[in-house]
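Novice: My structure is in coords12.cif, and what it holds is mmCIF, C-alpha atoms and all ligand atoms:
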data_coords
#
loop_
_atom_site.label_atom_id
_atom_site.label_comp_id
_atom_site.auth_asym_id
_atom_site.auth_seq_id
_atom_site.Cartn_x
_atom_site.Cartn_y
_atom_site.Cartn_z
CA MET A 75 6.60 -38.86 -1.32
CA ASN A 76 3.09 -38.00 -2.34
CA LYS A 77 4.75 -35.44 -4.55
CA ASN A 78 2.81 -35.82 -7.70
CA VAL A 79 1.57 -39.32 -7.31
CA VAL A 80 0.10 -39.06 -10.76
CA ALA A 81 3.42 -38.28 -12.42
CA CYS A 82 5.14 -41.00 -10.39
CA LYS A 83 2.54 -43.47 -11.56
CA VAL A 84 3.02 -42.40 -15.15
CA VAL A 85 6.78 -42.56 -14.72
CA SER A 86 6.56 -46.09 -13.43
CA ILE A 87 4.28 -47.14 -16.26
CA ILE A 88 6.65 -45.64 -18.82
CA LEU A 89 9.62 -47.02 -16.95
CA ALA A 90 8.14 -50.51 -16.99
CA PHE A 91 7.42 -50.16 -20.66
CA PHE A 92 10.90 -48.93 -21.42
CA VAL A 93 12.62 -51.53 -19.32
CA SER A 94 10.73 -54.26 -21.09
CA LEU A 95 11.80 -52.80 -24.42
CA ALA A 96 15.44 -52.62 -23.43
CA SER A 97 15.58 -55.57 -21.09
CA TYR A 98 19.33 -55.85 -21.47
CA ALA A 99 19.78 -52.49 -19.73
CA GLN A 100 19.92 -53.05 -15.98
CA ALA A 101 17.61 -50.43 -14.44
CA GLN A 102 18.71 -48.84 -11.22
CA SER A 103 16.60 -49.27 -8.16
CA ASN A 104 14.82 -46.26 -6.78
CA ILE A 105 13.88 -45.49 -3.18
CA THR A 106 10.30 -44.29 -3.33
CA ASP A 107 9.49 -43.68 0.32
CA ILE A 108 10.90 -43.98 3.83
CA ARG A 109 8.77 -44.06 6.95
CA ILE A 110 10.02 -43.96 10.54
CA SER A 111 7.79 -45.43 13.24
CA PRO A 112 9.08 -45.03 16.77
CA ASN A 113 7.58 -47.19 19.48
CA ASN A 114 9.01 -46.67 22.97
CA GLU A 115 12.50 -48.18 22.89
CA ASN A 116 12.29 -49.44 19.31
CA THR A 117 12.19 -47.66 16.00
CA ARG A 118 11.24 -49.25 12.72
CA ILE A 119 12.33 -47.75 9.41
CA VAL A 120 10.47 -48.99 6.35
CA ILE A 121 12.09 -48.29 2.99
CA ASP A 122 10.04 -48.75 -0.17
CA VAL A 123 12.20 -49.65 -3.15
CA SER A 124 11.15 -49.89 -6.77
CA GLN A 125 12.54 -53.41 -7.23
CA GLN A 126 14.42 -56.08 -5.35
CA THR A 127 17.54 -54.38 -4.05
CA ALA A 128 20.60 -55.89 -2.44
CA TYR A 129 22.10 -54.03 0.50
CA SER A 130 24.89 -54.22 3.04
CA PHE A 131 25.49 -52.26 6.20
CA PHE A 132 27.99 -51.44 8.91
CA THR A 133 28.12 -49.25 11.98
CA LEU A 134 30.47 -46.44 12.98
CA GLN A 135 31.16 -45.06 16.44
CA SER A 136 31.66 -41.58 17.90
CA PRO A 137 29.37 -40.36 16.71
CA GLU A 138 27.14 -43.42 16.37
CA ARG A 139 26.06 -44.10 12.81
CA LEU A 140 24.45 -46.87 10.81
CA VAL A 141 25.60 -46.91 7.19
CA VAL A 142 23.56 -48.81 4.60
CA ASP A 143 24.70 -49.34 1.01
CA PHE A 144 21.97 -50.06 -1.52
CA LYS A 145 23.29 -51.90 -4.57
CA ASN A 146 22.68 -50.32 -7.97
CA THR A 147 20.39 -47.63 -6.63
CA ASN A 148 20.09 -44.01 -7.66
CA ARG A 149 20.65 -41.16 -5.21
CA GLU A 150 17.55 -39.12 -5.88
CA PHE A 151 15.73 -39.78 -2.64
CA ASN A 152 15.24 -36.59 -0.63
CA PHE A 153 15.65 -37.31 3.09
CA LYS A 154 14.02 -33.99 3.97
CA THR A 155 10.68 -35.56 3.10
CA VAL A 156 11.01 -38.12 5.89
CA ASP A 157 9.05 -37.40 9.05
CA ASN A 158 11.36 -38.27 11.95
CA THR A 159 9.87 -38.44 15.45
CA SER A 160 12.22 -41.14 16.76
CA ASN A 161 14.44 -40.22 19.68
CA LEU A 162 17.03 -42.71 18.40
CA ILE A 163 17.55 -41.05 15.02
CA LYS A 164 19.22 -37.70 14.77
CA LYS A 165 19.31 -37.43 11.01
CA MET A 166 19.31 -39.40 7.76
CA ARG A 167 21.42 -38.35 4.82
CA HIS A 168 23.29 -39.41 1.71
CA SER A 169 26.99 -40.11 1.65
CA ARG A 170 29.42 -41.01 -1.11
CA PRO A 171 29.24 -44.76 -1.77
CA LYS A 172 32.23 -46.94 -2.67
CA LEU A 173 30.67 -47.85 -6.01
CA ALA A 174 29.37 -45.08 -8.23
CA THR A 175 26.23 -47.07 -9.03
CA ASP A 176 25.28 -47.59 -5.37
CA MET A 177 23.49 -45.36 -2.92
CA ARG A 178 24.84 -44.88 0.59
CA MET A 179 22.50 -43.85 3.36
CA VAL A 180 23.83 -42.69 6.70
CA ILE A 181 21.59 -42.78 9.76
CA GLU A 182 23.06 -40.53 12.43
CA LEU A 183 22.04 -41.95 15.80
CA ASN A 184 21.59 -40.29 19.16
CA LYS A 185 22.95 -43.32 20.99
CA GLU A 186 24.30 -46.81 20.46
CA VAL A 187 21.60 -49.16 19.19
CA ASN A 188 21.21 -52.75 18.07
CA SER A 189 20.15 -52.81 14.48
CA GLU A 190 18.57 -55.50 12.38
CA LEU A 191 17.90 -55.29 8.64
CA PHE A 192 15.73 -57.49 6.48
CA SER A 193 13.86 -57.25 3.22
CA LEU A 194 10.23 -58.16 2.67
CA GLU A 195 8.89 -59.99 -0.33
CA PRO A 196 6.32 -57.94 -2.23
CA SER A 197 2.71 -58.88 -1.55
CA ALA A 198 -0.66 -57.85 -2.90
CA ASP A 199 -0.64 -54.89 -0.51
CA PHE A 200 2.83 -53.49 -1.02
CA GLY A 201 5.92 -53.70 -3.22
CA HIS A 202 9.56 -54.34 -2.32
CA ARG A 203 10.53 -53.16 1.12
CA ILE A 204 13.62 -53.09 3.27
CA VAL A 205 13.04 -52.86 7.00
CA ILE A 206 15.49 -51.61 9.61
CA ASP A 207 14.71 -52.21 13.26
CA LEU A 208 16.65 -50.12 15.73
CA LYS A 209 16.55 -51.34 19.33
CA ASP A 210 17.61 -49.23 22.24
CA PRO A 211 19.63 -51.52 24.56
CA ASN A 212 19.25 -49.07 27.47
CA PRO A 213 15.87 -47.46 27.11
CA ILE A 214 15.09 -44.47 29.27
CA ALA A 215 11.73 -44.94 30.96
CA VAL A 216 9.30 -42.77 29.06
CA ALA A 217 5.75 -41.92 29.93
CA THR A 218 3.62 -44.46 28.09
CA ASN A 219 1.13 -41.88 26.88
CA LYS A 220 3.95 -40.26 24.92
CA ALA A 221 3.56 -42.77 22.11
CA ALA A 222 1.00 -40.81 20.16
CA PRO A 223 -0.96 -42.75 17.56
CA LYS A 224 1.06 -42.76 14.36
CA ARG A 225 -0.62 -40.82 11.63
CA ASP A 226 0.27 -41.82 8.17
CA LYS A 227 0.62 -39.20 5.51
CA ASP A 228 -1.88 -36.36 5.50
CA ILE A 229 -3.57 -34.96 2.43
CA VAL A 230 -2.16 -31.45 2.08
CA ILE A 231 -4.41 -28.57 1.03
CA VAL A 232 -2.92 -25.15 0.38
CA ILE A 233 -5.37 -22.35 1.16
CA ASP A 234 -4.60 -19.10 -0.57
CA ALA A 235 -6.32 -16.02 0.83
CA GLY A 236 -6.46 -13.64 -2.13
CA HIS A 237 -4.59 -10.28 -2.05
CA GLY A 238 -3.17 -8.82 1.20
CA GLY A 239 -1.02 -5.96 2.46
CA VAL A 240 -0.72 -3.11 -0.04
CA ASP A 241 -3.07 -4.98 -2.36
CA PRO A 242 -6.59 -4.72 -0.88
CA GLY A 243 -8.25 -6.47 -3.83
CA SER A 244 -11.72 -5.15 -4.62
CA ILE A 245 -13.43 -2.71 -2.31
CA GLY A 246 -17.17 -2.88 -1.61
CA PRO A 247 -19.54 0.11 -1.68
CA GLN A 248 -19.46 0.19 2.14
CA GLY A 249 -15.64 0.12 2.09
CA THR A 250 -15.15 -3.61 2.77
CA TYR A 251 -11.76 -4.89 1.62
CA GLU A 252 -11.66 -8.15 -0.32
CA LYS A 253 -8.32 -9.07 1.32
CA ASN A 254 -9.97 -9.16 4.77
CA ILE A 255 -12.93 -11.27 3.64
CA THR A 256 -10.66 -13.77 1.87
CA LEU A 257 -8.36 -14.12 4.91
CA SER A 258 -11.29 -14.65 7.27
CA ILE A 259 -12.87 -17.39 5.14
CA SER A 260 -9.44 -18.97 4.61
CA LYS A 261 -8.84 -19.17 8.36
CA MET A 262 -12.25 -20.75 8.91
CA LEU A 263 -11.52 -23.31 6.21
CA GLU A 264 -8.07 -23.94 7.67
CA LYS A 265 -9.60 -24.77 11.03
CA ARG A 266 -12.13 -27.20 9.56
CA ILE A 267 -9.42 -28.95 7.54
CA ASN A 268 -6.97 -29.25 10.42
CA ASP A 269 -9.72 -30.61 12.68
CA GLU A 270 -10.20 -33.50 10.24
CA PRO A 271 -7.74 -36.38 10.81
CA GLY A 272 -5.89 -37.14 7.59
CA LEU A 273 -6.13 -33.61 6.20
CA ARG A 274 -3.66 -30.78 6.71
CA ALA A 275 -3.99 -27.15 5.67
CA VAL A 276 -1.14 -24.85 4.68
CA MET A 277 -1.86 -21.11 4.37
CA THR A 278 -0.06 -18.97 1.79
CA ARG A 279 -0.59 -16.01 4.12
CA THR A 280 -1.78 -15.89 7.70
CA GLY A 281 -1.98 -12.12 8.10
CA ASP A 282 -2.36 -8.88 6.21
CA TYR A 283 0.74 -8.80 4.04
CA TYR A 284 1.51 -8.86 0.35
CA ILE A 285 2.47 -11.98 -1.63
CA SER A 286 2.89 -11.82 -5.38
CA PRO A 287 0.38 -13.98 -7.31
CA ASN A 288 3.36 -15.68 -8.98
CA ASP A 289 4.77 -16.82 -5.64
CA ARG A 290 1.53 -18.39 -4.43
CA PRO A 291 1.60 -21.62 -6.49
CA ASP A 292 5.14 -22.23 -5.15
CA PHE A 293 3.59 -23.00 -1.76
CA ALA A 294 1.74 -25.88 -3.37
CA THR A 295 4.83 -27.17 -5.14
CA LYS A 296 7.03 -26.87 -2.04
CA GLU A 297 4.46 -28.67 0.10
CA SER A 298 3.78 -31.29 -2.58
CA ALA A 299 0.18 -30.26 -2.00
CA ASP A 300 -2.75 -32.34 -3.18
CA LEU A 301 -4.92 -29.28 -3.79
CA LEU A 302 -4.66 -25.50 -3.88
CA VAL A 303 -7.75 -23.40 -3.17
CA SER A 304 -7.47 -19.69 -3.79
CA ILE A 305 -10.23 -17.59 -2.25
CA HIS A 306 -11.44 -14.32 -3.73
CA ALA A 307 -14.47 -12.06 -3.95
CA ASP A 308 -15.57 -10.66 -7.29
CA ALA A 309 -16.29 -7.06 -8.24
CA TYR A 310 -17.94 -5.32 -11.15
CA SER A 311 -18.40 -1.71 -12.20
CA SER A 312 -22.17 -1.92 -11.65
CA PRO A 313 -23.79 -3.14 -8.44
CA GLN A 314 -26.12 -5.73 -10.00
CA PRO A 315 -23.95 -8.83 -10.63
CA ARG A 316 -23.89 -11.25 -7.76
CA GLY A 317 -23.14 -14.87 -6.90
CA GLY A 318 -20.15 -17.14 -6.67
CA SER A 319 -18.04 -18.85 -9.31
CA VAL A 320 -15.23 -21.38 -9.46
CA TRP A 321 -12.25 -21.17 -11.81
CA VAL A 322 -9.63 -23.56 -13.16
CA LEU A 323 -6.55 -22.89 -15.29
CA SER A 324 -7.24 -22.56 -18.99
CA LYS A 325 -5.74 -25.14 -21.33
CA GLY A 326 -3.78 -22.45 -23.19
CA ARG A 327 -2.08 -21.23 -20.03
CA ALA A 328 -1.40 -24.79 -18.94
CA ASP A 329 0.33 -25.48 -22.26
CA SER A 330 2.52 -22.40 -22.08
CA GLU A 331 3.48 -23.27 -18.48
CA LEU A 332 4.45 -26.71 -19.71
CA GLY A 333 6.74 -25.22 -22.34
CA ARG A 334 8.33 -22.91 -19.79
CA LEU A 335 9.03 -25.78 -17.40
CA LEU A 336 10.51 -27.98 -20.10
CA GLU A 337 12.97 -25.24 -20.96
CA ARG A 338 14.63 -25.98 -17.68
CA THR A 339 16.15 -29.16 -19.08
CA GLU A 340 17.54 -30.47 -15.83
CA ARG A 341 13.95 -30.97 -14.80
CA ASN A 342 13.59 -33.67 -17.43
CA SER A 343 15.81 -36.12 -15.64
CA GLU A 344 14.46 -35.02 -12.27
CA LEU A 345 11.00 -35.81 -13.50
CA LEU A 346 11.97 -39.09 -15.08
CA GLY A 347 13.95 -40.26 -12.07
CA SER A 348 15.55 -43.64 -12.63
CA ALA A 349 14.00 -43.90 -16.09
CA ALA A 350 16.49 -41.24 -17.22
CA ASN A 351 19.35 -43.65 -16.56
CA VAL A 352 17.81 -46.19 -18.89
CA ILE A 353 16.94 -43.71 -21.60
CA GLY A 354 20.34 -42.07 -21.56
CA ASP A 355 19.99 -39.56 -24.39
CA ARG A 356 18.71 -36.02 -24.12
CA ASP A 357 16.22 -35.92 -26.99
CA THR A 358 14.44 -39.08 -25.93
CA GLU A 359 14.58 -37.86 -22.36
CA ARG A 360 12.89 -34.64 -23.34
CA TYR A 361 10.28 -36.48 -25.35
CA PHE A 362 9.38 -38.68 -22.39
CA ALA A 363 9.47 -35.79 -19.95
CA GLU A 364 7.11 -33.89 -22.20
CA THR A 365 4.75 -36.82 -22.47
CA ILE A 366 4.73 -37.37 -18.74
CA PHE A 367 4.33 -33.71 -17.95
CA ASN A 368 1.49 -33.42 -20.42
CA MET A 369 -0.30 -36.35 -18.86
CA SER A 370 0.29 -35.07 -15.36
CA MET A 371 -0.94 -31.57 -16.27
CA ASP A 372 -4.02 -33.00 -17.93
CA LEU A 373 -4.73 -35.11 -14.88
CA SER A 374 -4.24 -32.08 -12.60
CA ARG A 375 -6.67 -30.13 -14.73
CA ALA A 376 -9.18 -32.97 -14.73
CA SER A 377 -8.99 -33.13 -10.93
CA SER A 378 -9.35 -29.35 -10.69
CA TYR A 379 -12.48 -29.57 -12.81
CA ASP A 380 -13.83 -32.40 -10.69
CA VAL A 381 -13.30 -30.59 -7.38
CA SER A 382 -14.76 -27.39 -8.91
CA ASN A 383 -18.00 -29.17 -9.72
CA LYS A 384 -18.22 -30.43 -6.16
CA VAL A 385 -17.57 -26.95 -4.78
CA ILE A 386 -20.31 -25.48 -6.98
CA LYS A 387 -22.74 -28.13 -5.81
CA GLU A 388 -22.11 -27.32 -2.13
CA MET A 389 -21.84 -23.54 -2.53
CA LYS A 390 -25.22 -23.49 -4.26
CA LYS A 391 -26.78 -24.44 -0.92
CA VAL A 392 -25.34 -21.30 0.67
CA THR A 393 -25.33 -18.68 -2.07
CA ARG A 394 -26.55 -18.14 -5.58
CA MET A 395 -23.99 -19.02 -8.26
CA HIS A 396 -23.04 -16.45 -10.87
CA LYS A 397 -21.70 -19.31 -13.02
CA LYS A 398 -23.12 -22.80 -12.69
CA THR A 399 -20.18 -24.61 -14.29
CA PRO A 400 -16.43 -24.27 -13.67
CA GLN A 401 -14.89 -21.42 -15.63
CA SER A 402 -11.37 -21.35 -17.00
CA ALA A 403 -8.92 -18.47 -17.11
CA SER A 404 -5.23 -17.68 -17.12
CA PHE A 405 -4.65 -17.02 -13.41
CA ALA A 406 -1.03 -17.12 -12.20
CA VAL A 407 -2.09 -18.56 -8.85
CA LEU A 408 -3.39 -21.72 -10.58
CA THR A 409 -0.16 -22.63 -12.37
CA ALA A 410 1.41 -25.13 -9.92
CA PRO A 411 2.05 -27.88 -12.48
CA GLU A 412 1.57 -30.86 -10.22
CA THR A 413 -1.20 -29.66 -7.91
CA PRO A 414 -4.87 -29.49 -8.85
CA SER A 415 -5.75 -25.83 -8.29
CA ILE A 416 -9.00 -23.90 -8.14
CA LEU A 417 -9.96 -20.28 -7.54
CA VAL A 418 -13.24 -19.61 -5.75
CA GLU A 419 -15.01 -16.26 -6.06
CA VAL A 420 -17.29 -16.36 -3.02
CA GLY A 421 -19.55 -13.59 -4.33
CA PHE A 422 -19.57 -10.00 -5.58
CA ILE A 423 -18.27 -7.56 -3.00
CA SER A 424 -19.50 -4.82 -5.37
CA ASN A 425 -23.08 -5.97 -4.81
CA PRO A 426 -24.41 -4.18 -1.70
CA GLN A 427 -26.37 -7.20 -0.42
CA GLU A 428 -23.48 -9.59 -0.93
CA GLU A 429 -21.08 -7.15 0.70
CA LYS A 430 -23.39 -7.13 3.71
CA ASN A 431 -23.53 -10.93 3.72
CA LEU A 432 -19.76 -11.24 3.48
CA ASN A 433 -19.40 -8.98 6.49
CA TRP A 434 -21.53 -11.38 8.47
CA ARG A 435 -19.40 -13.93 10.26
CA ALA A 436 -21.98 -16.73 10.21
CA TYR A 437 -22.32 -16.36 6.45
CA ARG A 438 -18.57 -16.59 5.93
CA GLN A 439 -18.56 -19.68 8.12
CA GLN A 440 -21.26 -21.22 5.91
CA LEU A 441 -19.15 -20.53 2.83
CA ALA A 442 -16.05 -22.03 4.48
CA ASP A 443 -18.10 -25.07 5.53
CA SER A 444 -19.38 -25.59 1.99
CA LEU A 445 -15.80 -25.48 0.68
CA PHE A 446 -14.72 -27.91 3.35
CA LYS A 447 -17.56 -30.33 2.60
CA SER A 448 -16.80 -30.43 -1.10
CA ILE A 449 -13.04 -30.80 -0.59
CA LYS A 450 -13.65 -33.62 1.87
CA LEU A 451 -15.99 -35.35 -0.57
CA PHE A 452 -13.46 -34.96 -3.37
CA PHE A 453 -10.69 -36.63 -1.37
CA ARG A 454 -12.95 -39.31 0.11
CA ASN A 455 -13.82 -40.21 -3.46
CA ALA A 456 -10.24 -40.29 -4.68
CA PRO A 457 -7.69 -40.14 -1.83
CA PRO A 458 -4.13 -39.65 -3.12
CA GLU A 459 -2.07 -42.82 -2.88
CA GLY A 460 -0.07 -43.34 0.29
CA THR A 461 -2.22 -41.06 2.41
CA LEU A 462 -4.07 -42.05 5.56
CA TRP A 463 -7.35 -41.77 3.71
CA SER A 464 -6.28 -44.09 0.92
CA ILE A 465 -5.11 -46.64 3.48
CA GLU A 466 -8.41 -46.29 5.35
CA ARG A 467 -10.33 -46.82 2.15
CA ASP A 468 -8.30 -49.89 1.22
CA ASN A 469 -8.77 -51.40 4.65
CA GLN A 470 -12.43 -50.62 4.88
CA PRO A 471 -14.79 -53.56 4.72
CA LYS A 472 -17.42 -53.06 2.09
CA GLN A 473 -20.16 -54.72 4.12
CA HIS A 474 -21.21 -54.80 7.73
CA LYS A 475 -23.53 -57.23 9.49
CA VAL A 476 -25.54 -55.41 12.16
CA LYS A 477 -25.01 -56.67 15.69
CA SER A 478 -27.09 -56.11 18.78
CA GLY A 479 -26.86 -52.58 20.11
CA GLU A 480 -25.71 -51.01 16.85
CA SER A 481 -27.56 -48.13 15.26
CA LEU A 482 -27.13 -46.52 11.88
CA SER A 483 -25.65 -43.34 13.33
CA LEU A 484 -23.19 -45.34 15.42
CA LEU A 485 -22.03 -47.23 12.32
CA ALA A 486 -21.73 -44.01 10.32
CA LYS A 487 -19.44 -42.68 13.01
CA ARG A 488 -17.41 -45.87 13.24
CA TYR A 489 -16.80 -46.07 9.50
CA ASN A 490 -16.41 -42.30 9.21
CA VAL A 491 -19.04 -42.02 6.51
CA ASP A 492 -21.79 -39.51 6.12
CA LEU A 493 -25.03 -40.76 7.73
CA ASP A 494 -27.09 -39.70 4.72
CA ARG A 495 -24.75 -41.52 2.37
CA LEU A 496 -24.99 -44.65 4.51
CA ARG A 497 -28.81 -44.43 4.35
CA GLU A 498 -28.69 -43.80 0.63
CA ALA A 499 -26.32 -46.73 -0.02
CA ASN A 500 -28.74 -49.05 1.76
CA GLY A 501 -32.08 -47.52 0.77
CA ILE A 502 -32.95 -46.80 4.39
CA LYS A 503 -35.17 -43.83 5.26
CA GLY A 504 -34.95 -43.57 9.04
CA ASP A 505 -32.53 -44.93 11.60
CA LEU A 506 -33.97 -48.40 12.00
CA VAL A 507 -31.72 -51.39 11.27
CA ARG A 508 -32.31 -54.96 12.38
CA ILE A 509 -29.81 -57.38 13.86
CA GLY A 510 -28.25 -59.52 11.14
CA GLN A 511 -29.00 -57.01 8.42
CA VAL A 512 -26.05 -56.68 6.01
CA LEU A 513 -25.26 -53.06 5.22
CA THR A 514 -23.16 -51.72 2.40
CA ILE A 515 -20.56 -49.28 3.67
CA PRO A 516 -19.89 -46.57 1.09
CA ALA A 517 -16.28 -45.50 0.59
CA TYR A 518 -16.85 -42.01 2.01
ZN ZN A 601 -9.48 -11.09 -5.94
#
Turn this file's structure into structure tokens for me.
Ligand SMILES: [Zn+2]
Specialist:
Amino acid sequence: MNKNVVACKVVSIILAFFVSLASYAQAQSNITDIRISPNNENTRIVIDVSQQTAYSFFTLQSPERLVVDFKNTNREFNFKTVDNTSNLIKKMRHSRPKLATDMRMVIELNKEVNSELFSLEPSADFGHRIVIDLKDPNPIAVATNKAAPKRDKDIVIVIDAGHGGVDPGSIGPQGTYEKNITLSISKMLEKRINDEPGLRAVMTRTGDYYISPNDRPDFATKESADLLVSIHADAYSSPQPRGGSVWVLSKGRADSELGRLLERTERNSELLGSAANVIGDRDTERYFAETIFNMSMDLSRASSYDVSNKVIKEMKKVTRMHKKTPQSASFAVLTAPETPSILVEVGFISNPQEEKNLNWRAYRQQLADSLFKSIKLFFRNAPPEGTLWSIERDNQPKQHKVKSGESLSLLAKRYNVDLDRLREANGIKGDLVRIGQVLTIPAY
């Protein structure tokens, strides 16, 4: 459920505030996340709930099912967001509960299992949780190497190759099509991202076909993406202008998008989740939805601006920049309300030298690498909550005492930090460290 972590956070802040105001109103519990971790014959299901939640369960046969009723819980959880790799679980879904205020979850099973349910007290590391352990009484012998290491949630980056199909974009003096350059760089960036554990790329297009600019931000919304990067090449009527630039959505366009979204009133309660049940009247609901949406849009724009600065800093090492600060404009592709979005002009295809450069594979690779480096830095700095990278950061020791046989490059690799950053954090010039030396491990 990394869908708009920011908005969720704001919702929970406002919810907490509201509940404390109207403490007599009993707030409904909310399921915030479900994770399934299969491990040979056992499968563990961890359910994050917003508050202490009572539950009861029973089993049904032919077909095998485990039915869990959560007391006083809303039914907004979307089971499609759960990643299921367990061979015991066929499907998870909602069903009509006995009490209108409860939520009933049905786990359709592939075979008869022994199930055990318990709840965990919240700790410093996590909130309220309900755990379900499913045990296979007759496990089929499976190859042990089948249990792949469990990856927690990836950071999702939507890569949007500008133009495509009947829309070639700009055309260079030598006849180079922008749509081909943008697709090539996008694919290079996709590869770098997917090679990095914890990051996942989603392409808006993977070939030469047309997608309307208005449909492109939907990819980000559907994927609950953490970032959208749209790749373009600039053009001008004269051949002189050259260099790259990075664009974010203008405040004016963001505001009008906000208005348009709020018109769809059912979104208010969707956005507010369980808070809507407490608020209970439409005007107040709209007011809160507006406040939350505003905050979430502002935060998205702030993140877009932040990542843009990082992109400019890296791109500068590869190409000259036409604009040295992030620019803002009203681009349709940047309007996904809950995803930080940037548009990168990699250079002017109308400039003969830059057209030549863009036709050079190694140069495109350098551009893709600079985008990758800055995106990686951005997320290492501020990994979205609940992702593998945020867990890594939280678990990472801040200091390391050098033991015999350890070198700086070995430690950089082990902690997955940049060697230069490790040097910088410790004021070390070369590679020499001494046994017993205490090093500071930077967060990225
Ligand atoms: Zn373009």
Novice: Taking all atoms listed in the file into account, produce a table as a tab-separated table in which each residue of chain A with an atom at most 6 Å from an atom of ligand ZN 601 (chain A) appears once, together with its shortest atom pair and the distance in Å to one decimal, ordered by chain and rising number.
Specialist:
residue	atom	partner	partner_atom	distance
A:Gly236	CA	A:ZN601	ZN	5.5
A:Gly243	CA	A:ZN601	ZN	5.2
A:His306	CA	A:ZN601	ZN	4.4
A:Ala307	CA	A:ZN601	ZN	5.5
Novice: Emit the selected residues as a compact mmCIF listing (two decimals), keeping the file's coordinate frame, including C-alpha atoms.
Specialist:
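Dumped everything to selection-v2.txt:
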# COMPACT_ATOMS: atom_id res chain seq x y z
CA GLY A 236 -6.46 -13.64 -2.13
CA GLY A 243 -8.25 -6.47 -3.83
CA HIS A 306 -11.44 -14.32 -3.73
CA ALA A 307 -14.47 -12.06 -3.95
Novice: In Å, rounded to a single decimal, give me how far CA of Ser464 (chain A) is from CA of Ile206 (chain A).
Specialist: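 For CA of Ile206 (chain A) relative to CA of Ser464 (chain A), the distance reads 24.6 Å.
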Novice: Provide the CA of Ile423 (chain A) to CA of Lys387 (chain A) distance in Å, to one decimal place.
Specialist: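 Between these atoms lies a distance of 21.2 Å.
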Novice: May I ask for the distance between CA of Ser374 (chain A) and CA of Ala442 (chain A), given in Å to one decimal place?
Specialist: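 Distance reported for this atom pair: 23.1 Å.
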Novice: Here is a test: counting only C-alpha atoms, which residue of A:Arg109, A:Arg508, A:Arg495, A:Lys209 is nearest to Gly479 (chain A)?
Specialist: A:Arg508
Novice: Of the candidates A:Asn433, A:Thr295, A:Ser193, A:Asn383, which shows the shortest atom-to-atom distance to Trp321 (chain A), using only C-alpha atoms?
Specialist: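 Nearest to Trp321 (chain A): A:Asn383.
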Novice: As an mmCIF file, keeping the file's coordinate frame, could you write out region 153-165 of chain A once it has been completed with N, CA and C atoms?
Specialist:
data_model
loop_
_atom_site.group_PDB
_atom_site.id
_atom_site.type_symbol
_atom_site.label_atom_id
_atom_site.label_comp_id
_atom_site.auth_asym_id
_atom_site.auth_seq_id
_atom_site.Cartn_x
_atom_site.Cartn_y
_atom_site.Cartn_z
ATOM 1 N N PHE A 153 15.887 -36.946 1.697
ATOM 2 C CA PHE A 153 15.650 -37.310 3.090
ATOM 3 C C PHE A 153 14.847 -36.254 3.854
ATOM 4 N N LYS A 154 14.792 -35.051 3.292
ATOM 5 C CA LYS A 154 14.020 -33.990 3.970
ATOM 6 C C LYS A 154 12.536 -34.324 4.002
ATOM 7 N N THR A 155 12.094 -35.226 3.136
ATOM 8 C CA THR A 155 10.680 -35.560 3.100
ATOM 9 C C THR A 155 10.300 -36.582 4.173
ATOM 10 N N VAL A 156 11.313 -37.094 4.897
ATOM 11 C CA VAL A 156 11.010 -38.120 5.890
ATOM 12 C C VAL A 156 10.644 -37.469 7.225
ATOM 13 N N ASP A 157 9.544 -37.922 7.778
ATOM 14 C CA ASP A 157 9.050 -37.400 9.050
ATOM 15 C C ASP A 157 9.715 -38.194 10.171
ATOM 16 N N ASN A 158 10.620 -37.552 10.920
ATOM 17 C CA ASN A 158 11.360 -38.270 11.950
ATOM 18 C C ASN A 158 10.925 -37.846 13.354
ATOM 19 N N THR A 159 10.255 -38.744 14.072
ATOM 20 C CA THR A 159 9.870 -38.440 15.450
ATOM 21 C C THR A 159 10.540 -39.420 16.411
ATOM 22 N N SER A 160 11.532 -40.162 15.913
ATOM 23 C CA SER A 160 12.220 -41.140 16.760
ATOM 24 C C SER A 160 13.287 -40.443 17.591
ATOM 25 N N ASN A 161 13.374 -40.820 18.865
ATOM 26 C CA ASN A 161 14.440 -40.220 19.680
ATOM 27 C C ASN A 161 15.777 -40.940 19.476
ATOM 28 N N LEU A 162 15.771 -42.004 18.687
ATOM 29 C CA LEU A 162 17.030 -42.710 18.400
ATOM 30 C C LEU A 162 17.746 -42.106 17.191
ATOM 31 N N ILE A 163 16.966 -41.539 16.273
ATOM 32 C CA ILE A 163 17.550 -41.050 15.020
ATOM 33 C C ILE A 163 17.722 -39.538 15.072
ATOM 34 N N LYS A 164 18.963 -39.133 14.829
ATOM 35 C CA LYS A 164 19.220 -37.700 14.770
ATOM 36 C C LYS A 164 18.916 -37.198 13.364
ATOM 37 N N LYS A 165 19.393 -37.936 12.372
ATOM 38 C CA LYS A 165 19.310 -37.430 11.010
ATOM 39 C C LYS A 165 19.571 -38.561 10.021
#
